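**Student:** Contents are compact mmCIF, C-alpha atoms and all ligand atoms; file name model16.txt:
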```
# COMPACT_ATOMS: atom_id res chain seq x y z
CA MET A 22 -34.64 33.04 -7.89
CA ALA A 23 -31.75 35.21 -6.84
CA GLN A 24 -29.63 36.61 -9.63
CA GLU A 25 -26.55 34.56 -10.36
CA THR A 26 -23.37 36.24 -9.18
CA LEU A 27 -20.96 37.49 -11.82
CA TYR A 28 -18.32 35.17 -10.47
CA LEU A 29 -20.47 32.06 -11.03
CA LYS A 30 -21.77 33.30 -14.34
CA TRP A 31 -18.26 33.99 -15.67
CA ARG A 32 -16.63 30.96 -14.17
CA PRO A 33 -14.46 29.36 -16.91
CA LYS A 34 -16.09 26.35 -18.52
CA ASP A 35 -13.19 25.31 -20.71
CA PHE A 36 -9.41 25.28 -20.29
CA ASP A 37 -9.13 28.16 -22.79
CA GLU A 38 -11.18 30.43 -20.56
CA VAL A 39 -8.94 30.02 -17.52
CA VAL A 40 -6.95 33.25 -17.15
CA GLY A 41 -3.22 33.28 -16.60
CA GLN A 42 -2.55 29.57 -15.98
CA GLY A 43 -1.60 28.44 -19.46
CA HIS A 44 1.27 26.33 -18.12
CA VAL A 45 -1.31 24.26 -16.20
CA THR A 46 -4.20 24.11 -18.62
CA ARG A 47 -2.13 23.00 -21.63
CA THR A 48 -0.84 19.95 -19.77
CA LEU A 49 -4.21 19.07 -18.27
CA ARG A 50 -6.00 19.33 -21.59
CA ASN A 51 -3.50 17.08 -23.32
CA ALA A 52 -3.60 14.54 -20.50
CA ALA A 53 -7.39 14.37 -20.49
CA ARG A 54 -7.64 14.07 -24.27
CA SER A 55 -4.97 11.42 -24.57
CA GLY A 56 -6.30 9.44 -21.60
CA ARG A 57 -2.92 9.66 -19.88
CA GLN A 58 -4.05 11.49 -16.77
CA ALA A 59 -2.53 10.93 -13.35
CA HIS A 60 -4.37 9.21 -10.53
CA ALA A 61 -3.88 12.15 -8.24
CA TYR A 62 -3.27 15.85 -8.82
CA LEU A 63 -2.18 18.52 -6.41
CA PHE A 64 -3.22 22.05 -7.38
CA ALA A 65 -1.20 24.49 -5.31
CA GLY A 66 -1.41 28.26 -5.34
CA PRO A 67 -3.05 31.34 -3.88
CA ARG A 68 -6.80 31.51 -3.50
CA GLY A 69 -8.90 32.84 -6.33
CA THR A 70 -6.50 31.79 -9.09
CA GLY A 71 -8.60 29.06 -10.71
CA LYS A 72 -7.68 25.83 -8.91
CA THR A 73 -11.22 24.59 -8.32
CA SER A 74 -12.37 25.81 -11.73
CA CYS A 75 -9.58 23.83 -13.39
CA ALA A 76 -10.42 20.79 -11.30
CA ARG A 77 -14.04 20.88 -12.51
CA ILE A 78 -12.99 21.39 -16.12
CA LEU A 79 -10.65 18.41 -15.83
CA ALA A 80 -13.45 16.28 -14.35
CA LYS A 81 -15.62 17.33 -17.28
CA ALA A 82 -12.95 16.60 -19.89
CA LEU A 83 -12.31 13.16 -18.40
CA ASN A 84 -15.99 12.22 -18.67
CA CYS A 85 -17.17 14.19 -21.71
CA LEU A 86 -18.91 12.14 -24.40
CA ALA A 87 -17.53 14.12 -27.36
CA GLU A 88 -14.54 13.12 -29.48
CA PRO A 89 -11.29 13.35 -27.49
CA GLU A 90 -10.03 16.50 -29.21
CA GLN A 91 -13.27 18.33 -28.38
CA ARG A 92 -13.33 17.54 -24.69
CA PRO A 93 -14.85 19.18 -22.76
CA CYS A 94 -17.61 19.99 -25.26
CA ASN A 95 -19.94 21.71 -22.76
CA ALA A 96 -22.82 20.34 -24.85
CA CYS A 97 -23.20 16.65 -23.95
CA HIS A 98 -25.38 15.79 -20.98
CA ILE A 99 -22.38 14.96 -18.80
CA CYS A 100 -20.72 18.34 -19.43
CA GLN A 101 -24.02 20.02 -18.67
CA GLU A 102 -24.49 18.06 -15.49
CA VAL A 103 -21.02 19.07 -14.31
CA ASN A 104 -21.76 22.71 -15.16
CA GLN A 105 -24.98 22.52 -13.18
CA GLY A 106 -23.25 20.86 -10.25
CA ARG A 107 -25.27 17.63 -10.39
CA PHE A 108 -22.94 15.11 -11.99
CA LEU A 109 -22.91 12.15 -9.61
CA ASP A 110 -19.37 11.01 -10.37
CA LEU A 111 -17.88 14.35 -9.43
CA ILE A 112 -17.57 14.47 -5.67
CA GLU A 113 -16.43 17.75 -4.15
CA ILE A 114 -15.27 17.72 -0.57
CA ASP A 115 -14.38 20.75 1.50
CA GLY A 116 -11.32 19.68 3.44
CA ALA A 117 -11.88 22.41 6.01
CA SER A 118 -15.22 21.04 7.21
CA ASN A 119 -14.57 17.34 6.50
CA ARG A 120 -11.14 17.05 7.95
CA GLY A 121 -11.50 14.02 10.22
CA ILE A 122 -10.68 10.36 9.92
CA ASP A 123 -14.38 9.35 9.69
CA GLU A 124 -15.01 11.40 6.57
CA ILE A 125 -11.95 9.96 4.84
CA ARG A 126 -12.89 6.40 5.88
CA GLU A 127 -16.30 6.94 4.33
CA LEU A 128 -14.61 8.24 1.20
CA ARG A 129 -12.40 5.14 1.07
CA GLU A 130 -15.42 2.86 1.15
CA LYS A 131 -17.22 4.77 -1.59
CA VAL A 132 -14.15 4.85 -3.78
CA ASN A 133 -14.63 1.12 -4.29
CA TYR A 134 -17.94 1.60 -6.13
CA ARG A 135 -17.59 2.10 -9.85
CA PRO A 136 -18.74 5.37 -11.47
CA ASN A 137 -22.48 5.80 -11.95
CA GLU A 138 -22.43 6.95 -15.55
CA GLY A 139 -19.05 8.51 -16.27
CA ARG A 140 -15.74 6.92 -17.22
CA TYR A 141 -14.09 8.30 -14.11
CA LYS A 142 -15.09 9.10 -10.60
CA VAL A 143 -13.41 12.40 -9.74
CA TYR A 144 -12.85 13.48 -6.16
CA ILE A 145 -11.98 17.12 -5.60
CA ILE A 146 -10.76 17.84 -2.08
CA ASP A 147 -10.49 21.58 -1.61
CA GLU A 148 -8.41 23.03 1.24
CA VAL A 149 -6.81 19.61 1.55
CA HIS A 150 -4.15 20.94 3.94
CA MET A 151 -6.86 21.13 6.61
CA LEU A 152 -7.14 17.33 6.93
CA THR A 153 -5.96 15.83 10.21
CA ARG A 154 -2.88 13.63 10.31
CA GLU A 155 -5.04 10.52 10.75
CA ALA A 156 -7.18 11.55 7.81
CA PHE A 157 -4.08 12.02 5.65
CA ASN A 158 -2.85 8.56 6.66
CA ALA A 159 -6.17 7.02 5.69
CA LEU A 160 -6.10 8.91 2.40
CA LEU A 161 -2.57 7.72 1.74
CA LYS A 162 -3.70 4.08 1.75
CA THR A 163 -6.18 4.86 -1.03
CA LEU A 164 -3.58 6.79 -2.98
CA GLU A 165 -1.20 3.85 -2.81
CA GLU A 166 -3.63 1.55 -4.61
CA PRO A 167 -6.28 3.64 -6.31
CA PRO A 168 -8.94 1.92 -8.43
CA GLU A 169 -8.22 2.68 -12.10
CA TYR A 170 -11.48 4.62 -12.50
CA VAL A 171 -10.72 7.15 -9.74
CA VAL A 172 -8.97 10.51 -10.10
CA PHE A 173 -8.18 12.66 -7.08
CA ILE A 174 -7.64 16.40 -7.33
CA PHE A 175 -6.40 18.12 -4.20
CA ALA A 176 -6.40 21.90 -4.04
CA THR A 177 -4.65 24.04 -1.46
CA PRO A 178 -3.20 27.51 -0.99
CA GLU A 179 -0.84 26.08 1.66
CA VAL A 180 0.88 23.20 -0.06
CA TRP A 181 3.64 23.00 2.54
CA ARG A 182 1.04 21.75 5.03
CA VAL A 183 0.33 18.70 2.88
CA PRO A 184 2.49 15.77 4.05
CA ALA A 185 5.36 14.82 1.75
CA THR A 186 3.99 11.27 1.51
CA ILE A 187 0.84 12.64 -0.12
CA ARG A 188 2.65 15.19 -2.26
CA SER A 189 4.98 12.59 -3.70
CA ARG A 190 2.03 10.58 -5.01
CA CYS A 191 0.49 13.51 -6.86
CA GLN A 192 1.25 15.32 -10.05
CA ARG A 193 1.65 18.86 -8.86
CA PHE A 194 0.64 22.07 -10.60
CA ASP A 195 1.44 25.50 -9.25
CA PHE A 196 -1.14 28.18 -9.92
CA ARG A 197 0.23 31.70 -10.12
CA PRO A 198 -1.28 34.90 -8.80
CA LEU A 199 -2.68 36.85 -11.72
CA ARG A 200 -0.95 39.95 -13.00
CA LEU A 201 -2.75 43.27 -13.08
CA PRO A 202 -3.20 43.42 -16.89
CA GLN A 203 -4.67 39.90 -16.88
CA ILE A 204 -7.20 40.83 -14.20
CA GLU A 205 -8.02 44.13 -15.89
CA ALA A 206 -8.56 42.41 -19.24
CA ARG A 207 -10.94 39.87 -17.72
CA LEU A 208 -12.86 42.56 -15.81
CA ASN A 209 -13.22 44.59 -19.00
CA GLN A 210 -14.41 41.50 -20.84
CA ILE A 211 -17.06 40.87 -18.18
CA CYS A 212 -18.15 44.52 -18.27
CA GLU A 213 -18.52 44.31 -22.05
CA GLY A 214 -20.57 41.15 -21.76
CA GLU A 215 -22.77 42.52 -18.99
CA GLY A 216 -23.18 46.04 -20.40
CA ILE A 217 -21.49 47.62 -17.37
CA ALA A 218 -20.16 51.14 -17.98
CA ARG A 219 -16.84 51.77 -16.21
CA ASP A 220 -13.79 53.99 -16.28
CA ASP A 221 -10.25 52.64 -16.61
CA LYS A 222 -9.28 53.99 -13.22
CA ALA A 223 -12.04 52.01 -11.52
CA ILE A 224 -10.91 48.80 -13.20
CA ALA A 225 -7.31 49.54 -12.23
CA ILE A 226 -8.23 49.99 -8.55
CA LEU A 227 -10.32 46.81 -8.52
CA ALA A 228 -7.48 44.84 -10.11
CA ARG A 229 -4.98 46.20 -7.63
CA GLN A 230 -7.19 45.50 -4.63
CA ALA A 231 -7.63 41.90 -5.74
CA GLY A 232 -3.98 41.12 -5.07
CA GLY A 233 -3.69 38.49 -7.80
CA ALA A 234 -7.00 36.76 -7.04
CA LEU A 235 -9.32 37.04 -10.03
CA ARG A 236 -12.23 35.70 -8.01
CA ASP A 237 -11.92 38.61 -5.57
CA ALA A 238 -11.71 41.10 -8.42
CA ILE A 239 -14.90 39.77 -10.02
CA SER A 240 -16.76 39.70 -6.70
CA MET A 241 -15.78 43.32 -6.05
CA LEU A 242 -16.87 44.32 -9.55
CA ASP A 243 -20.19 42.61 -8.86
CA GLN A 244 -20.61 44.46 -5.60
CA VAL A 245 -19.75 47.88 -7.00
CA SER A 246 -21.78 47.51 -10.20
CA SER A 247 -24.90 46.47 -8.31
CA VAL A 248 -24.63 49.51 -6.03
CA GLY A 249 -23.77 51.78 -8.96
CA ASP A 250 -26.65 50.40 -11.03
CA GLY A 251 -24.44 49.21 -13.87
CA MET A 252 -22.03 52.14 -13.63
CA VAL A 253 -18.58 51.62 -12.12
CA THR A 254 -16.51 54.72 -11.38
CA ALA A 255 -13.27 55.15 -9.45
CA ASP A 256 -15.03 57.26 -6.80
CA LEU A 257 -17.67 54.61 -6.27
CA VAL A 258 -15.05 51.87 -6.00
CA ARG A 259 -13.16 53.88 -3.39
CA ALA A 260 -16.34 54.66 -1.47
CA ILE A 261 -17.56 51.07 -1.38
CA LEU A 262 -14.34 49.15 -0.89
CA GLY A 263 -12.77 51.60 1.50
CA THR A 264 -9.37 52.15 -0.01
CA ALA A 265 -6.28 51.32 1.98
CA PRO A 266 -6.13 53.48 5.11
CA ASP A 267 -3.76 56.09 3.71
CA GLU A 268 -3.50 57.89 7.02
CA ALA A 269 -2.16 54.87 8.87
CA CYS A 270 0.28 54.09 6.06
CA GLU A 271 1.47 57.68 6.10
CA ARG A 272 2.07 57.62 9.86
CA LEU A 273 4.09 54.44 9.51
CA LEU A 274 6.25 55.91 6.75
CA SER A 275 6.75 59.12 8.74
CA SER A 276 8.10 57.18 11.70
CA LEU A 277 10.39 55.16 9.48
CA LEU A 278 11.77 58.21 7.69
CA ALA A 279 12.25 60.02 11.00
CA GLY A 280 14.43 57.15 12.14
CA ASP A 281 11.97 55.80 14.70
CA LEU A 282 12.03 52.13 13.73
CA ALA A 283 10.79 50.96 17.12
CA GLY A 284 7.83 53.32 16.83
CA ALA A 285 7.06 52.14 13.30
CA LEU A 286 7.18 48.47 14.33
CA GLU A 287 4.98 49.21 17.31
CA GLN A 288 2.39 50.94 15.13
CA LEU A 289 2.45 48.03 12.73
CA GLY A 290 1.89 45.60 15.61
CA GLN A 291 -1.07 47.67 16.76
CA PHE A 292 -2.63 47.77 13.30
CA ALA A 293 -2.21 44.00 13.02
CA ALA A 294 -3.77 43.49 16.45
CA GLU A 295 -6.68 45.72 15.43
CA GLY A 296 -7.31 43.32 12.57
CA LEU A 297 -6.39 45.71 9.78
CA ASP A 298 -6.10 43.88 6.45
CA MET A 299 -2.32 43.54 6.18
CA ARG A 300 -2.38 43.00 2.43
CA GLN A 301 -4.19 46.29 1.87
CA PHE A 302 -2.04 47.99 4.44
CA THR A 303 1.21 46.80 2.87
CA GLN A 304 -0.11 47.81 -0.54
CA GLY A 305 -1.10 51.22 0.77
CA THR A 306 2.37 51.78 2.19
CA LEU A 307 3.90 50.71 -1.11
CA ASP A 308 1.63 53.11 -2.99
CA LEU A 309 2.86 56.00 -0.86
CA ALA A 310 6.52 55.09 -1.22
CA ARG A 311 6.05 54.75 -4.96
CA ALA A 312 4.31 58.13 -5.03
CA MET A 313 7.28 59.68 -3.23
CA LEU A 314 9.67 58.11 -5.70
CA LEU A 315 7.73 59.16 -8.78
CA MET A 316 7.29 62.65 -7.39
CA ARG A 317 11.02 62.97 -6.90
CA LEU A 318 11.46 61.90 -10.51
CA GLY A 319 8.96 64.54 -11.61
CA ALA A 320 6.23 62.09 -12.70
CA GLN A 321 3.33 63.34 -10.59
CA ALA A 322 0.68 62.53 -13.18
CA GLU A 323 1.37 58.83 -12.67
CA VAL A 324 0.55 58.93 -8.98
CA ASP A 325 -2.82 57.79 -7.64
CA VAL A 326 -2.67 59.53 -4.26
CA PRO A 327 -4.75 62.50 -3.01
CA GLN A 328 -3.18 65.92 -3.54
CA GLU A 329 -2.84 66.90 0.14
CA THR A 330 -1.19 63.57 0.95
CA LEU A 331 1.24 64.20 -1.89
CA ALA A 332 2.20 67.56 -0.40
CA ARG A 333 2.96 66.01 2.99
CA LEU A 334 4.89 63.18 1.35
CA GLY A 335 6.93 65.75 -0.53
CA ASP A 336 8.04 67.23 2.80
CA LEU A 337 8.81 63.80 4.19
CA ALA A 338 10.86 62.82 1.18
CA GLN A 339 13.08 65.88 1.43
CA GLY A 340 16.62 64.83 2.14
CA VAL A 341 15.97 61.23 1.17
CA GLN A 342 17.94 60.29 -1.89
CA VAL A 343 16.34 58.85 -4.99
CA GLU A 344 18.38 55.66 -4.61
CA GLN A 345 17.01 55.19 -1.12
CA LEU A 346 13.42 55.80 -2.23
CA LEU A 347 13.97 53.32 -5.03
CA ARG A 348 15.18 50.71 -2.57
CA LEU A 349 12.33 51.41 -0.17
CA THR A 350 9.78 51.03 -2.94
CA ARG A 351 11.42 47.82 -4.06
CA SER A 352 11.43 46.22 -0.61
CA LEU A 353 7.81 47.21 -0.01
CA SER A 354 6.91 45.77 -3.38
CA GLN A 355 8.50 42.48 -2.37
CA ALA A 356 6.57 42.62 0.90
CA VAL A 357 3.31 42.94 -1.04
CA ASP A 358 4.25 39.88 -3.11
CA GLN A 359 4.94 37.86 0.01
CA VAL A 360 2.07 38.93 2.24
CA ARG A 361 -0.41 36.40 0.90
CA ASN A 362 1.63 33.37 1.83
CA ALA A 363 3.30 34.82 4.89
CA TYR A 364 3.18 32.89 8.14
CA LEU A 365 2.25 36.15 9.86
CA PRO A 366 0.49 38.68 7.62
CA GLN A 367 2.49 41.59 9.03
CA LEU A 368 5.86 39.82 8.73
CA PRO A 369 6.83 40.92 5.19
CA LEU A 370 6.17 44.57 6.02
CA GLU A 371 8.03 44.20 9.31
CA LEU A 372 11.07 42.84 7.50
CA ALA A 373 10.89 45.59 4.90
CA LEU A 374 10.82 48.24 7.65
CA VAL A 375 13.82 46.78 9.46
CA GLU A 376 15.78 46.57 6.22
CA ALA A 377 14.74 50.05 5.17
CA ASN A 378 15.83 51.49 8.49
CA ALA A 379 19.29 50.10 7.86
CA TYR A 380 19.77 51.71 4.47
CA LEU A 381 17.89 54.91 5.26
CA HIS A 382 19.72 55.62 8.47
CA GLY A 383 22.88 53.62 8.11
CA ARG A 384 22.06 51.27 10.94
CA PRO A 385 23.12 47.67 10.80
CA GLU A 386 20.39 45.15 10.24
CA PRO A 387 20.06 42.63 13.04
CA THR A 388 21.12 39.24 11.78
CA LEU A 389 20.92 35.75 13.19
CA ALA A 390 24.68 35.53 12.95
CA GLY A 391 24.88 38.15 15.65
CA VAL A 392 25.65 41.84 15.74
CA GLN A 393 29.12 42.94 16.72
CA PRO A 394 29.31 44.74 20.06
CA ALA A 395 30.70 47.90 18.51
CA ALA A 396 27.78 48.08 16.10
CA THR A 397 25.27 47.54 18.91
CA THR A 398 26.48 50.49 20.91
CA ALA A 399 26.97 52.74 17.92
CA ALA A 400 23.62 52.03 16.30
CA PRO A 401 21.11 54.01 18.40
CA ALA A 402 22.80 57.35 18.04
CA ALA A 403 23.85 56.83 14.41
CA ALA A 404 27.19 58.19 15.48
CA ALA A 405 30.42 58.50 13.56
CA PRO A 406 31.02 55.38 11.50
CA SER A 407 33.07 52.66 13.10
CA PRO A 408 34.82 50.14 10.85
CA GLN A 409 32.23 47.50 11.80
CA LEU A 410 29.38 49.80 10.93
CA ALA A 411 30.91 50.88 7.68
CA ARG A 412 31.25 47.29 6.57
CA GLN A 413 27.60 46.50 7.17
CA ARG A 414 26.18 49.65 5.74
CA GLU A 415 24.97 49.77 2.18
CA PRO A 416 27.07 52.02 0.00
CA VAL A 417 25.22 54.87 -1.66
CA PRO A 418 26.17 55.07 -5.32
CA GLY A 419 27.63 58.22 -6.78
CA PRO A 420 30.70 60.11 -5.61
CA GLY A 421 30.42 63.10 -3.35
CA ARG A 422 26.87 62.37 -2.23
CA PRO A 423 26.25 62.61 1.48
CA GLY A 424 26.10 59.19 3.12
CA PRO A 425 23.03 58.07 5.00
CA VAL A 426 24.64 58.65 8.39
CA THR A 427 25.00 62.37 7.85
CA VAL A 428 21.58 62.67 6.24
CA ALA A 429 19.53 61.11 9.02
CA PRO A 430 20.23 63.50 11.92
CA GLN A 431 19.82 66.55 9.67
CA ARG A 432 16.45 65.41 8.49
CA VAL A 433 15.30 64.59 11.99
CA ALA A 434 16.31 68.03 13.16
CA ALA A 435 14.71 69.76 10.18
CA MET A 436 11.39 68.05 10.80
CA GLY A 437 11.42 68.94 14.47
CA VAL A 438 11.09 65.31 15.45
CA ALA A 439 12.56 64.25 18.76
CA GLU A 440 15.48 61.84 18.76
CA PRO A 441 14.00 58.35 18.62
CA PRO A 442 14.33 56.04 21.62
CA PRO A 443 17.38 53.81 21.37
CA LEU A 444 16.64 50.63 19.51
CA ASP A 445 17.36 47.60 21.63
CA LEU A 446 19.03 45.36 19.10
CA GLN A 447 19.51 42.53 21.54
CA ARG A 448 15.79 42.34 22.18
CA LEU A 449 15.03 42.52 18.48
CA GLN A 450 17.59 39.84 17.82
CA LYS A 451 16.00 37.53 20.37
CA LEU A 452 12.56 38.08 18.88
CA TRP A 453 14.04 37.43 15.48
CA LEU A 454 15.37 34.06 16.58
CA LYS A 455 11.90 33.18 17.84
CA VAL A 456 10.32 34.20 14.55
CA GLY A 457 12.88 32.10 12.71
CA ALA A 458 12.17 29.09 14.91
CA LYS A 459 8.43 29.40 14.42
CA VAL A 460 8.75 29.77 10.69
CA ARG A 461 11.04 26.74 10.61
CA LEU A 462 8.34 24.69 12.33
CA LYS A 463 5.90 25.63 9.60
CA ASP A 464 8.21 25.31 6.64
CA ARG A 465 11.83 24.40 6.74
CA THR A 466 12.55 25.88 3.34
CA LEU A 467 11.26 29.34 4.23
CA GLU A 468 13.47 30.09 7.19
CA PRO A 469 16.80 30.16 5.28
CA LEU A 470 15.13 32.58 2.86
CA LEU A 471 14.34 34.91 5.74
CA ARG A 472 17.95 34.84 6.79
CA SER A 473 19.32 35.45 3.32
ZN ZN A 501 -19.11 17.02 -23.22
```
Please express what this file holds, its structure, as C-alpha cells.

**Tutor:**
Amino acid sequence: MAQETLYLKWRPKDFDEVVGQGHVTRTLRNAARSGRQAHAYLFAGPRGTGKTSCARILAKALNCLAEPEQRPCNACHICQEVNQGRFLDLIEIDGASNRGIDEIRELREKVNYRPNEGRYKVYIIDEVHMLTREAFNALLKTLEEPPEYVVFIFATPEVWRVPATIRSRCQRFDFRPLRLPQIEARLNQICEGEGIARDDKAIAILARQAGGALRDAISMLDQVSSVGDGMVTADLVRAILGTAPDEACERLLSSLLAGDLAGALEQLGQFAAEGLDMRQFTQGTLDLARAMLLMRLGAQAEVDVPQETLARLGDLAQGVQVEQLLRLTRSLSQAVDQVRNAYLPQLPLELALVEANAYLHGRPEPTLAGVQPAATTAAPAAAAPSPQLARQREPVPGPGRPGPVTVAPQRVAAMGVAEPPPLDLQRLQKLWLKVGAKVRLKDRTLEPLLRS
C-alpha cells in the first residue's frame, strides 16, 4: 500500500485541530453539541483553508455516539467510519464533476430516504459554484423544504458565483487565508511528529509559497522531505519548488522604475500568456520591492534575495525616495493579497503597476471619471506641472525634497535608458472601462472597489 500523504495523515480530526479558523469552529462545535445546527451551511473562502475538513468534522459531530460535550469523540464506530471515508450517511459530491440537473435530481430523490445508521444524513457539495443554473434551481427546491434529518454543507472558493437564492438559505461561514506564523507553526508541528529535520528558512519559504493555503504548504513539505530523505533545507526547497522567477520580476521592476509603464504592462501580459504562476510572480515582485526598501533603510540582513540581485536593485533604487519605495511595497503587498480571488490573476499586479507609475513619476492615474485633456497631453513627457497635474499627483511628504516630476527624468538619464514611448492614456482608459464592465458582470460589489 502506498504511504499515506502527510496532508491526509495530518488532516484535522477535531475542531480544535483546525488551524486559524477559530471563529468558524467555535460556532460549529456549539451548534453540533446543542443540536441547534442549521439545515444548510455555506463555507466560503480560499482553497486549502480547511473548508472540507470542517465539513467532515461537523458531519462527525452531528452523528457521533458519545455524550454531546465530547462530540466528535473519534473513538465510536461512526467517528471511525467518517475518518476512514466509509460512513454511509456522509455523502460527498464534487460540484465540478457533478454539476448538471440529473445529478441534483438524483440527489433530491435520495434525500427522501432516512439515514442508514446516523442521526443525520450530511451532504457535502464541494465546489458548489460549479453547478449549472438548472441544477441550482433543483437544489433550491430541496433547500426550501429539507427533511429534518438532512444537513447540507456547500463549500466554495468563489461564493459570489453561488446564486443569492441559495446563499440566503444557508448559514454562511467565511474561511480566512492562513497567516505565515500559523502555517509555520503547523509545519513545524508536523516535522516534529514525523521526525523531519528542517531549518527555519526552509519552513519560512514553504509557508510563503503556500499563499495562505495550509494544504499547499503541507503538500510541498511532503514533496521536499521525500526528496530530501527526511531533511528539509532552504536550498532543497528552492531547488525543488523553483522559487519565483526573480529575473522576470526584476525586469518588470526595472521598466517601472525607468518610467516605461507600457513596457512593464506588456511584459506582464506576456508572462501571463506564457502561463507563469501570477501569485508567485506577484510575490516575487513584492519580495524585490521589499528588499529595495529594507536595503535603503539599512536592514540588509532581513532580506531573502541573492547578493548579486541586491546589488542591481541598489542601483535601480537610487534616486527613488524611501516614501515611494514604501508605497510601492505596500501596493504590491495588497496585490499579493488580492491575487487569489482576482477575476484575472494578473489584474492586481497590473493595477499596482499603474498606480505606482503615477506616484513614482508624477503621472496621473487613468480613472473612469475621465482624464482632463491638459493632463493627457502633459503626461507622456512628464513635463512642467500644470495645475491639473499638480492636483492629481500625490504629494511627497517632507519640505525641500525633490518632487517626483524632477526625479524621474534625472534617473532615466542616469541609467542610460531611452525615453519611454508615450503612454496612450485614451487607449488605457478604454481598456479600463472594459475591465470594469467584465468585473461587474462577475461581481457587482467588486467593480466599485476597483474604482475607489
Ligand atoms: Zn464519536

**Student:** Which polymer residues have any atom within 12 Å of an atom of Pro198 in chain A, counting all atoms listed in the file, with same-chain residues fewer than 6 positions away left out, as a VMD selection string?

**Tutor:** chain A and resid 40 to 42 65 to 72 178 204 228 to 229 231 to 237 358 to 359 361 to 362

**Student:** Those residues with C-alpha atoms, as a compact mmCIF listing (two decimals), in the frame of the given file please?

**Tutor:**
```
# COMPACT_ATOMS: atom_id res chain seq x y z
CA VAL A 40 -6.95 33.25 -17.15
CA GLY A 41 -3.22 33.28 -16.60
CA GLN A 42 -2.55 29.57 -15.98
CA ALA A 65 -1.20 24.49 -5.31
CA GLY A 66 -1.41 28.26 -5.34
CA PRO A 67 -3.05 31.34 -3.88
CA ARG A 68 -6.80 31.51 -3.50
CA GLY A 69 -8.90 32.84 -6.33
CA THR A 70 -6.50 31.79 -9.09
CA GLY A 71 -8.60 29.06 -10.71
CA LYS A 72 -7.68 25.83 -8.91
CA PRO A 178 -3.20 27.51 -0.99
CA ILE A 204 -7.20 40.83 -14.20
CA ALA A 228 -7.48 44.84 -10.11
CA ARG A 229 -4.98 46.20 -7.63
CA ALA A 231 -7.63 41.90 -5.74
CA GLY A 232 -3.98 41.12 -5.07
CA GLY A 233 -3.69 38.49 -7.80
CA ALA A 234 -7.00 36.76 -7.04
CA LEU A 235 -9.32 37.04 -10.03
CA ARG A 236 -12.23 35.70 -8.01
CA ASP A 237 -11.92 38.61 -5.57
CA ASP A 358 4.25 39.88 -3.11
CA GLN A 359 4.94 37.86 0.01
CA ARG A 361 -0.41 36.40 0.90
CA ASN A 362 1.63 33.37 1.83
```

**Student:** Interatomic distance between CA of Gln192 in chain A and CA of Val357 in chain A?

**Tutor:** 29.1 Å

**Student:** Could you list, as a ChimeraX atom specification, all the residues within 10 Å of ligand ZN 501 (chain A), counting only C-alpha atoms and all ligand atoms?

**Tutor:** /A:81-89,91-103

**Student:** Rounded to one decimal place, report the CA of Ala356 in chain A-CA of Leu370 in chain A distance in Å.

**Tutor:** 5.5 Å

**Student:** For CA of Thr48 in chain A and CA of Pro136 in chain A, quote the distance in Å rounded to one decimal.

**Tutor:**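 Between CA of Thr48 in chain A and CA of Pro136 in chain A the gap works out to 24.5 Å.
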
**Student:** Which of these, A:Ser189, A:Asn119, A:Asn378, A:Gln244, has the shortest distance to Ala285 in chain A once you count all atoms listed in the file?

**Tutor:**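 So, comparing all the options, the nearest one is A:Asn378.
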
**Student:** Need the shell around Leu152 in chain A: protein/DNA/RNA residues with any atom at most 8 Å away, counting only C-alpha atoms. Skip same-chain ones fewer than 4 positions apart. Format as JSON, numbers by chain?

**Tutor:** {"A": [116, 117, 119, 120, 121, 156, 157]}

**Student:** Could you pull the residues within 8 Å of range 345-350 of chain A, counting only C-alpha atoms, minus those fewer than 5 positions along the same chain, as a list in words?

**Tutor:**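 Non-adjacent residues within range: Leu307, Ala310, Arg311, Met313, Leu314, Ala373, Ala377, Tyr380 and Leu381 of chain A.
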
**Student:** Quick one: everything within 12 Å of range 211-217 of chain A, counting all atoms listed in the file, minus sequence neighbours fewer than 5 positions away in the same chain. Send it as a VMD selection string.

**Tutor:** chain A and resid 26 to 33 204 to 206 223 to 224 235 238 to 240 242 to 243 245 to 254

**Student:** Only C-alpha atoms, please: the residues just picked out, written as a PDB file, in the coordinates of the input.

**Tutor:**
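Below you can see again-v5.pdb, which holds the result:
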```pdb
ATOM      1  CA  THR A  26     -23.370  36.240  -9.180  1.00  0.00           C
ATOM      2  CA  LEU A  27     -20.960  37.490 -11.820  1.00  0.00           C
ATOM      3  CA  TYR A  28     -18.320  35.170 -10.470  1.00  0.00           C
ATOM      4  CA  LEU A  29     -20.470  32.060 -11.030  1.00  0.00           C
ATOM      5  CA  LYS A  30     -21.770  33.300 -14.340  1.00  0.00           C
ATOM      6  CA  TRP A  31     -18.260  33.990 -15.670  1.00  0.00           C
ATOM      7  CA  ARG A  32     -16.630  30.960 -14.170  1.00  0.00           C
ATOM      8  CA  PRO A  33     -14.460  29.360 -16.910  1.00  0.00           C
ATOM      9  CA  ILE A 204      -7.200  40.830 -14.200  1.00  0.00           C
ATOM     10  CA  GLU A 205      -8.020  44.130 -15.890  1.00  0.00           C
ATOM     11  CA  ALA A 206      -8.560  42.410 -19.240  1.00  0.00           C
ATOM     12  CA  ALA A 223     -12.040  52.010 -11.520  1.00  0.00           C
ATOM     13  CA  ILE A 224     -10.910  48.800 -13.200  1.00  0.00           C
ATOM     14  CA  LEU A 235      -9.320  37.040 -10.030  1.00  0.00           C
ATOM     15  CA  ALA A 238     -11.710  41.100  -8.420  1.00  0.00           C
ATOM     16  CA  ILE A 239     -14.900  39.770 -10.020  1.00  0.00           C
ATOM     17  CA  SER A 240     -16.760  39.700  -6.700  1.00  0.00           C
ATOM     18  CA  LEU A 242     -16.870  44.320  -9.550  1.00  0.00           C
ATOM     19  CA  ASP A 243     -20.190  42.610  -8.860  1.00  0.00           C
ATOM     20  CA  VAL A 245     -19.750  47.880  -7.000  1.00  0.00           C
ATOM     21  CA  SER A 246     -21.780  47.510 -10.200  1.00  0.00           C
ATOM     22  CA  SER A 247     -24.900  46.470  -8.310  1.00  0.00           C
ATOM     23  CA  VAL A 248     -24.630  49.510  -6.030  1.00  0.00           C
ATOM     24  CA  GLY A 249     -23.770  51.780  -8.960  1.00  0.00           C
ATOM     25  CA  ASP A 250     -26.650  50.400 -11.030  1.00  0.00           C
ATOM     26  CA  GLY A 251     -24.440  49.210 -13.870  1.00  0.00           C
ATOM     27  CA  MET A 252     -22.030  52.140 -13.630  1.00  0.00           C
ATOM     28  CA  VAL A 253     -18.580  51.620 -12.120  1.00  0.00           C
ATOM     29  CA  THR A 254     -16.510  54.720 -11.380  1.00  0.00           C
TER      30      THR A 254
END
```
